[in-house]
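*Asks:* Quick one: the structure is below, and I'll ask about it shortly.
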Amino acid sequence: MLAIFNIVFPIFSLIFLGWICRRRNVLSAAAATELNRFVIWLALPALLFDSMSRLTAADFANLRFIAVFAAGVALVFLLTAWLRLRQKAAAADVIIDSLGSSYANVGFIGIPLCYLAFGRDGLPPSVIAMVMTACLLFAVAIVLLETCLHARAGLGQTVTKVGRSLLRNPIMIAPVAGIAVALSGVGIPGGVQQLFKLLGGAAGPCALVSLGLFLAQPVQRGAGAPVWLLVAFKLLLQPAVTAVLAYWVLPLPRIWADSAVLLAAMPIGTGPFMLAELYQREVTAMSRAILISTTLSLPTIAVILAWIAHH
């Protein structure tokens, strides 16, 4: 528990710093939006490009792990979407909520925890899971959101408008460019690499401070309906589904199966909040879901680690 707390503590601290800065008017009410825009347009694209440009074919050699982790994400995403549609939620809200219930905080909590639990053997699965979450799942959500925004136009116009939006979206362009660099084998100059490292390193802290800034604003009534659904699905359902897949349906080598379950048990990452704030959908619910899931993940992750140790 202490080791988990030490990993999670900086996340709480950054959220609290944002919260206290807003409460004391050190930063204005518009700061959350502007900081989030910095992350979306500069810091996160730099992080995605830098991460993808360093990958090799060996990083994705375990296709069964990819299938297991992706299936766990997809099942939770689709079940959340089905439940929210039954509740008559708007299409854009359904997408944001579905992203929240299946988007694991692999980068900040998953990678250090896997390293702590499994040593260097835990790094390959956690890197793959981070790329799948931060790039693939994020990209799917953006495509769906853009399609919803332009759904009233005809099919041809919708495809054109969505295509243009995606081509102008740095979060979509950056990982594709990173893959191109990785496949080409072209070396990136040291100064350019350092630029991407500096920008990418700011993505997480800025997103967490932005989250804290938003949490300090007055609560909107009726905005928290899906919060506990998202938290329960993320902390309980996703690791349970992934465990069934990893141990019995598509059995993985022990270290990969344990890593898949542990990574699936991570709390909700900041990605859903960034999209919620950018598109102004479900922002209040998502910000609270992230905070609650991160808090409750301390005991749930400890239980899963204990179960893995005795499994």
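Naming works like this for the structure tokens: A, B, ... for the chains as they're shown, residue 1 at the start of each chain, ligands 1 onward in shown order.
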Each residue of region 76-178 of chain A with at least one atom at most 12 Å from region 304-309 of chain A should appear once, together with its nearest atom pair and the corresponding distance in Å (one decimal); atoms considered: only C-alpha atoms; ordering: chain, then increasing residue number; output as a tab-separated table.

*Replies:*
residue	atom	partner	partner_atom	distance
A:Leu113	CA	A:Leu305	CA	9.7
A:Cys114	CA	A:Leu305	CA	10.1
A:Leu116	CA	A:Leu305	CA	10.7
A:Ala117	CA	A:Leu305	CA	7.9
A:Phe118	CA	A:Ala309	CA	10.5

*Asks:* Need the shell around region 238-251 of chain A: protein/DNA/RNA residues with any atom at most 9 Å away, counting only C-alpha atoms. Skip same-chain ones fewer than 6 positions apart. Format as a list of chain:residue names?

*Replies:*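 With the cut-off at 9 Å, the set is A:Arg64, A:Phe65, A:Ala67, A:Val68, A:Phe69, A:Ala71, A:Gly72, A:Val73, A:Leu75, A:Val76, A:Ser101, A:Ser102, A:Ala232, A:Ala257, A:Asp258, A:Ala260, A:Val261, A:Leu262, A:Leu263, A:Ala264, A:Ala265, A:Met266, A:Ile304.
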
*Asks:* Using only C-alpha atoms for the distances, tell me which of A:Ile255, A:Leu27, A:Ala180, A:Pro267 is nearest to Pro299 (chain A).

*Replies:*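 Under the stated criterion, the closest residue is A:Pro267.
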
*Asks:* Counting only C-alpha atoms, what is within 9 Å of Gly100 (chain A), bar same-chain residues fewer than 3 positions away, as a list of chain:residue names?

*Replies:*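 Selected residues are A:Phe77, A:Ile95, A:Ile96, A:Asp97, A:Tyr103, A:Ala104, A:Leu230, A:Val231, A:Lys234, A:Ile268, A:Gly269, A:Thr270, A:Gly271, A:Pro272, A:Phe273, A:Met286, A:Ala289, A:Ile290.
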
*Asks:* Write a file of the selected residues as a tab-separated table (two decimals), in the first residue's frame, keeping all heavy atoms.

*Replies:*
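So the final result, stored in part-v9.tsv, reads:
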chain	number	residue	atom	x	y	z
A	77	PHE	N	-15.94	-0.67	-22.93
A	77	PHE	CA	-16.36	0.49	-23.72
A	77	PHE	C	-17.77	0.27	-24.27
A	77	PHE	O	-18.65	1.13	-24.15
A	77	PHE	CB	-15.37	0.71	-24.87
A	77	PHE	CG	-15.58	1.98	-25.66
A	77	PHE	CD1	-14.81	3.09	-25.42
A	77	PHE	CD2	-16.56	2.04	-26.65
A	77	PHE	CE1	-14.99	4.27	-26.16
A	77	PHE	CE2	-16.76	3.20	-27.38
A	77	PHE	CZ	-15.97	4.32	-27.14
A	95	ILE	N	-20.03	8.58	-25.77
A	95	ILE	CA	-18.65	8.31	-26.19
A	95	ILE	C	-17.67	8.71	-25.09
A	95	ILE	O	-16.75	7.95	-24.76
A	95	ILE	CB	-18.34	9.07	-27.49
A	95	ILE	CG1	-19.21	8.53	-28.63
A	95	ILE	CG2	-16.86	8.94	-27.85
A	95	ILE	CD1	-19.26	9.43	-29.85
A	96	ILE	N	-17.85	9.89	-24.50
A	96	ILE	CA	-16.97	10.36	-23.43
A	96	ILE	C	-17.02	9.41	-22.23
A	96	ILE	O	-15.98	9.02	-21.66
A	96	ILE	CB	-17.34	11.78	-23.00
A	96	ILE	CG1	-17.05	12.79	-24.12
A	96	ILE	CG2	-16.59	12.18	-21.73
A	96	ILE	CD1	-15.61	13.04	-24.40
A	97	ASP	N	-18.23	9.01	-21.83
A	97	ASP	CA	-18.37	8.10	-20.69
A	97	ASP	C	-17.76	6.74	-20.98
A	97	ASP	O	-17.12	6.13	-20.11
A	97	ASP	CB	-19.85	7.94	-20.33
A	97	ASP	CG	-20.45	9.19	-19.73
A	97	ASP	OD1	-19.66	10.03	-19.24
A	97	ASP	OD2	-21.67	9.36	-19.76
A	103	TYR	N	-10.48	3.73	-20.07
A	103	TYR	CA	-9.19	4.40	-20.30
A	103	TYR	C	-8.33	4.31	-19.04
A	103	TYR	O	-8.53	5.06	-18.08
A	103	TYR	CB	-9.43	5.86	-20.68
A	103	TYR	CG	-8.23	6.59	-21.21
A	103	TYR	CD1	-8.05	6.80	-22.57
A	103	TYR	CD2	-7.28	7.13	-20.35
A	103	TYR	CE1	-6.96	7.49	-23.06
A	103	TYR	CE2	-6.17	7.81	-20.82
A	103	TYR	CZ	-6.03	8.00	-22.19
A	103	TYR	OH	-4.93	8.67	-22.67
A	104	ALA	N	-7.38	3.39	-19.03
A	104	ALA	CA	-6.53	3.18	-17.86
A	104	ALA	C	-5.39	4.18	-17.79
A	104	ALA	O	-4.82	4.55	-18.82
A	104	ALA	CB	-5.96	1.76	-17.88
A	230	LEU	N	-18.89	4.66	-14.02
A	230	LEU	CA	-17.56	4.71	-14.63
A	230	LEU	C	-16.51	4.15	-13.69
A	230	LEU	O	-15.63	3.38	-14.09
A	230	LEU	CB	-17.20	6.14	-15.01
A	230	LEU	CG	-18.14	6.89	-15.95
A	230	LEU	CD1	-17.53	8.23	-16.35
A	230	LEU	CD2	-18.47	6.09	-17.18
A	231	VAL	N	-16.58	4.54	-12.42
A	231	VAL	CA	-15.59	4.09	-11.44
A	231	VAL	C	-15.66	2.57	-11.24
A	231	VAL	O	-14.62	1.88	-11.24
A	231	VAL	CB	-15.80	4.82	-10.10
A	231	VAL	CG1	-14.90	4.23	-9.02
A	231	VAL	CG2	-15.52	6.32	-10.26
A	234	LYS	N	-14.38	0.73	-14.31
A	234	LYS	CA	-12.94	0.85	-14.52
A	234	LYS	C	-12.15	0.04	-13.51
A	234	LYS	O	-11.20	-0.66	-13.87
A	234	LYS	CB	-12.53	2.34	-14.44
A	234	LYS	CG	-11.05	2.57	-14.74
A	234	LYS	CD	-10.75	2.30	-16.19
A	234	LYS	CE	-9.41	1.73	-16.46
A	234	LYS	NZ	-9.12	0.43	-15.87
A	268	ILE	N	-8.97	5.73	-13.88
A	268	ILE	CA	-9.20	6.49	-15.11
A	268	ILE	C	-8.09	7.52	-15.29
A	268	ILE	O	-7.75	8.26	-14.37
A	268	ILE	CB	-10.56	7.21	-15.06
A	268	ILE	CG1	-11.68	6.20	-14.83
A	268	ILE	CG2	-10.81	7.98	-16.36
A	268	ILE	CD1	-13.03	6.82	-14.54
A	269	GLY	N	-7.51	7.57	-16.49
A	269	GLY	CA	-6.46	8.54	-16.80
A	269	GLY	C	-7.04	9.90	-17.14
A	269	GLY	O	-8.26	10.10	-17.17
A	270	THR	N	-6.17	10.84	-17.44
A	270	THR	CA	-6.61	12.21	-17.72
A	270	THR	C	-7.14	12.39	-19.14
A	270	THR	O	-7.76	13.41	-19.44
A	270	THR	CB	-5.46	13.21	-17.50
A	270	THR	OG1	-4.33	12.80	-18.29
A	270	THR	CG2	-5.06	13.26	-16.04
A	271	GLY	N	-6.91	11.42	-20.02
A	271	GLY	CA	-7.35	11.55	-21.41
A	271	GLY	C	-8.82	11.86	-21.56
A	271	GLY	O	-9.19	12.80	-22.29
A	272	PRO	N	-9.73	11.11	-20.91
A	272	PRO	CA	-11.16	11.42	-21.03
A	272	PRO	C	-11.52	12.83	-20.56
A	272	PRO	O	-12.39	13.49	-21.15
A	272	PRO	CB	-11.82	10.36	-20.13
A	272	PRO	CG	-10.86	9.23	-20.14
A	272	PRO	CD	-9.49	9.87	-20.18
A	273	PHE	N	-10.85	13.30	-19.49
A	273	PHE	CA	-11.13	14.68	-19.03
A	273	PHE	C	-10.71	15.69	-20.09
A	273	PHE	O	-11.42	16.67	-20.34
A	273	PHE	CB	-10.39	14.96	-17.72
A	273	PHE	CG	-10.40	16.42	-17.34
A	273	PHE	CD1	-11.54	17.00	-16.82
A	273	PHE	CD2	-9.28	17.22	-17.55
A	273	PHE	CE1	-11.56	18.37	-16.50
A	273	PHE	CE2	-9.29	18.57	-17.22
A	273	PHE	CZ	-10.43	19.14	-16.69
A	286	MET	N	-16.76	13.61	-15.46
A	286	MET	CA	-15.49	12.96	-15.75
A	286	MET	C	-14.41	13.39	-14.76
A	286	MET	O	-13.59	12.56	-14.32
A	286	MET	CB	-15.05	13.27	-17.18
A	286	MET	CG	-13.89	12.42	-17.66
A	286	MET	SD	-14.23	10.64	-17.52
A	286	MET	CE	-15.63	10.50	-18.62
A	289	ALA	N	-15.03	11.51	-11.61
A	289	ALA	CA	-14.78	10.07	-11.80
A	289	ALA	C	-13.28	9.77	-11.73
A	289	ALA	O	-12.87	8.76	-11.14
A	289	ALA	CB	-15.35	9.61	-13.13
A	290	ILE	N	-12.47	10.65	-12.31
A	290	ILE	CA	-11.01	10.46	-12.28
A	290	ILE	C	-10.50	10.56	-10.84
A	290	ILE	O	-9.71	9.72	-10.38
A	290	ILE	CB	-10.31	11.49	-13.18
A	290	ILE	CG1	-10.63	11.22	-14.64
A	290	ILE	CG2	-8.79	11.48	-12.95
A	290	ILE	CD1	-10.17	12.31	-15.59

*Asks:* As an exercise, work out the distance from CA of Val26 (chain A) to CA of Val283 (chain A) in Å and give it to one decimal place.

*Replies:* 21.9 Å

*Asks:* Per DSSP on the backbone, filter region 182-292 of chain A down to the residues in alpha helix (DSSP H) and report them as number ranges by chain.

*Replies:* A: 182-184, 190-215, 227-232, 238-244, 254-264, 271-279, 283-292

*Asks:* Could you check which of A:Pro226, A:Ser51, A:Cys135, A:Leu99 is closest to Gln87 (chain A), using only C-alpha atoms?

*Replies:*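 Smallest distance to Gln87 (chain A) is found for A:Pro226.
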
*Asks:* When you look at region 181-184 of chain A with a cut-off of 9 Å (counting only C-alpha atoms), what residues show up, excluding the ones that are within fewer than 4 positions of it in the same chain? I need them as a ChimeraX atom specification.

*Replies:* /A:52-57,176-177,188

*Asks:* How would the residues just chosen look if you wrote them out with N, CA, C and O atoms as an mmCIF file, in the first residue's frame?

*Replies:*
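Output contents, as saved in selection-v8.cif:
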data_model
loop_
_atom_site.group_PDB
_atom_site.id
_atom_site.type_symbol
_atom_site.label_atom_id
_atom_site.label_comp_id
_atom_site.auth_asym_id
_atom_site.auth_seq_id
_atom_site.Cartn_x
_atom_site.Cartn_y
_atom_site.Cartn_z
ATOM 1 N N MET A 52 6.055 6.980 -29.877
ATOM 2 C CA MET A 52 5.903 6.117 -31.047
ATOM 3 C C MET A 52 7.195 6.014 -31.848
ATOM 4 O O MET A 52 7.505 4.965 -32.413
ATOM 5 N N SER A 53 7.964 7.095 -31.913
ATOM 6 C CA SER A 53 9.183 7.090 -32.722
ATOM 7 C C SER A 53 10.260 6.182 -32.134
ATOM 8 O O SER A 53 11.204 5.805 -32.824
ATOM 9 N N ARG A 54 10.113 5.796 -30.859
ATOM 10 C CA ARG A 54 11.114 4.947 -30.195
ATOM 11 C C ARG A 54 10.748 3.457 -30.225
ATOM 12 O O ARG A 54 11.517 2.624 -29.755
ATOM 13 N N LEU A 55 9.569 3.136 -30.742
ATOM 14 C CA LEU A 55 9.128 1.742 -30.735
ATOM 15 C C LEU A 55 9.844 0.915 -31.796
ATOM 16 O O LEU A 55 10.272 1.439 -32.828
ATOM 17 N N THR A 56 9.956 -0.369 -31.529
ATOM 18 C CA THR A 56 10.500 -1.315 -32.501
ATOM 19 C C THR A 56 9.479 -2.424 -32.728
ATOM 20 O O THR A 56 8.491 -2.542 -31.984
ATOM 21 N N ALA A 57 9.706 -3.243 -33.743
ATOM 22 C CA ALA A 57 8.784 -4.346 -34.045
ATOM 23 C C ALA A 57 8.675 -5.305 -32.865
ATOM 24 O O ALA A 57 7.617 -5.890 -32.613
ATOM 25 N N VAL A 176 1.033 8.972 -35.783
ATOM 26 C CA VAL A 176 1.263 8.472 -37.150
ATOM 27 C C VAL A 176 2.647 8.902 -37.631
ATOM 28 O O VAL A 176 3.404 8.109 -38.214
ATOM 29 N N ALA A 177 2.993 10.170 -37.363
ATOM 30 C CA ALA A 177 4.323 10.663 -37.737
ATOM 31 C C ALA A 177 5.409 9.917 -36.973
ATOM 32 O O ALA A 177 6.468 9.587 -37.521
ATOM 33 N N ILE A 188 16.584 11.199 -35.334
ATOM 34 C CA ILE A 188 16.119 12.543 -35.006
ATOM 35 C C ILE A 188 17.249 13.290 -34.304
ATOM 36 O O ILE A 188 17.841 12.758 -33.365
#

*Asks:* Please identify all polymer residues within 6 Å of region 12-19 of chain A, counting only C-alpha atoms, omitting same-chain residues fewer than 2 positions from it, and present them as a PyMOL selection string.

*Replies:* chain A and resi 9-10+21-22+208-209+212-213+216

*Asks:* Could you dump the residues just selected with N, CA and C atoms as an mmCIF file, in the first residue's frame?

*Replies:*
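The new file part.cif reads:
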data_model
loop_
_atom_site.group_PDB
_atom_site.id
_atom_site.type_symbol
_atom_site.label_atom_id
_atom_site.label_comp_id
_atom_site.auth_asym_id
_atom_site.auth_seq_id
_atom_site.Cartn_x
_atom_site.Cartn_y
_atom_site.Cartn_z
ATOM 1 N N PHE A 9 0.784 9.448 -5.070
ATOM 2 C CA PHE A 9 0.853 10.724 -4.353
ATOM 3 C C PHE A 9 1.127 11.935 -5.253
ATOM 4 N N PRO A 10 2.105 11.873 -6.190
ATOM 5 C CA PRO A 10 2.318 13.043 -7.052
ATOM 6 C C PRO A 10 1.090 13.425 -7.877
ATOM 7 N N CYS A 21 -4.788 26.656 -6.350
ATOM 8 C CA CYS A 21 -4.507 27.856 -7.149
ATOM 9 C C CYS A 21 -5.792 28.514 -7.628
ATOM 10 N N ARG A 22 -6.800 27.719 -7.941
ATOM 11 C CA ARG A 22 -8.078 28.296 -8.377
ATOM 12 C C ARG A 22 -8.820 28.882 -7.178
ATOM 13 N N LEU A 208 -3.118 17.309 -15.113
ATOM 14 C CA LEU A 208 -3.560 17.097 -13.737
ATOM 15 C C LEU A 208 -3.849 18.423 -13.026
ATOM 16 N N VAL A 209 -3.025 19.431 -13.257
ATOM 17 C CA VAL A 209 -3.288 20.759 -12.687
ATOM 18 C C VAL A 209 -4.587 21.325 -13.270
ATOM 19 N N GLY A 212 -7.422 19.776 -11.490
ATOM 20 C CA GLY A 212 -7.606 20.400 -10.185
ATOM 21 C C GLY A 212 -8.284 21.755 -10.282
ATOM 22 N N LEU A 213 -7.907 22.540 -11.290
ATOM 23 C CA LEU A 213 -8.542 23.842 -11.512
ATOM 24 C C LEU A 213 -10.035 23.682 -11.754
ATOM 25 N N ALA A 216 -12.156 22.799 -8.674
ATOM 26 C CA ALA A 216 -12.359 23.906 -7.733
ATOM 27 C C ALA A 216 -13.536 24.786 -8.119
#

*Asks:* Give me the residues of region 169-253 of chain A that have any atom at most 12 Å from an atom of region 129-133 of chain A; for each, the nearest atom pair and the distance in Å, rounded to one decimal. Use only C-alpha atoms, sort by chain and number, and format it as CSV.

*Replies:*
residue,atom,partner,partner_atom,distance
A:Pro175,CA,A:Val131,CA,9.2
A:Val176,CA,A:Val131,CA,11.9
A:Gly178,CA,A:Val131,CA,11.6
A:Ile179,CA,A:Val131,CA,11.3

*Asks:* For Ser293 (chain A), which residue out of A:Leu236, A:Ala30, A:Leu47, A:Ala74 is the nearest one, using only C-alpha atoms?

*Replies:* A:Leu236

*Asks:* Would you work out the distance separating CA of Thr160 (chain A) from CA of Val143 (chain A), expressed in Å to one decimal?

*Replies:* 12.4 Å

*Asks:* What is the CA of Phe49 (chain A) to CA of Gly187 (chain A) distance in Å?

*Replies:* 13.5 Å

*Asks:* May I have the residues within 7 Å of Asn36 (chain A) as a CSV table (one decimal) with N, CA, C and O atoms, in the first residue's frame, using only C-alpha atoms and disregarding those fewer than 2 positions away in the same chain?

*Replies:*
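Generated file (out_20.csv):
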chain,number,residue,atom,x,y,z
A,32,ALA,N,-8.1,26.6,-16.6
A,32,ALA,CA,-8.3,25.1,-16.9
A,32,ALA,C,-8.4,24.9,-18.4
A,32,ALA,O,-7.8,24.0,-18.9
A,33,THR,N,-9.2,25.7,-19.0
A,33,THR,CA,-9.4,25.5,-20.5
A,33,THR,C,-8.2,25.8,-21.2
A,33,THR,O,-7.8,25.0,-22.1
A,34,GLU,N,-7.5,26.9,-20.9
A,34,GLU,CA,-6.3,27.2,-21.6
A,34,GLU,C,-5.1,26.2,-21.4
A,34,GLU,O,-4.4,25.9,-22.3
A,38,PHE,N,-3.3,23.7,-24.2
A,38,PHE,CA,-1.8,23.5,-24.3
A,38,PHE,C,-1.5,22.1,-24.4
A,38,PHE,O,-0.7,21.6,-25.2
A,39,VAL,N,-2.1,21.3,-23.5
A,39,VAL,CA,-1.9,19.8,-23.5
A,39,VAL,C,-2.3,19.2,-24.8
A,39,VAL,O,-1.6,18.4,-25.4
A,40,ILE,N,-3.5,19.5,-25.3
A,40,ILE,CA,-4.1,18.9,-26.5
A,40,ILE,C,-3.3,19.3,-27.7
A,40,ILE,O,-3.0,18.4,-28.6
A,207,ALA,N,-2.1,18.5,-17.4
A,207,ALA,CA,-3.4,17.9,-17.5
A,207,ALA,C,-4.0,17.7,-16.0
A,207,ALA,O,-5.1,18.0,-15.8
A,210,SER,N,-4.8,21.1,-14.6
A,210,SER,CA,-6.0,21.6,-15.2
A,210,SER,C,-7.2,20.9,-14.6
A,210,SER,O,-8.3,21.5,-14.3
A,274,MET,N,-9.5,15.5,-20.7
A,274,MET,CA,-9.1,16.4,-21.7
A,274,MET,C,-10.1,16.5,-22.9
A,274,MET,O,-10.4,17.6,-23.4

*Asks:* Nearest to Ile11 (chain A): which of A:Ala58, A:Cys206, A:Leu42, A:Ser98 is it, counting only C-alpha atoms?

*Replies:*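 Closest residue, counting only C-alpha atoms: A:Cys206.
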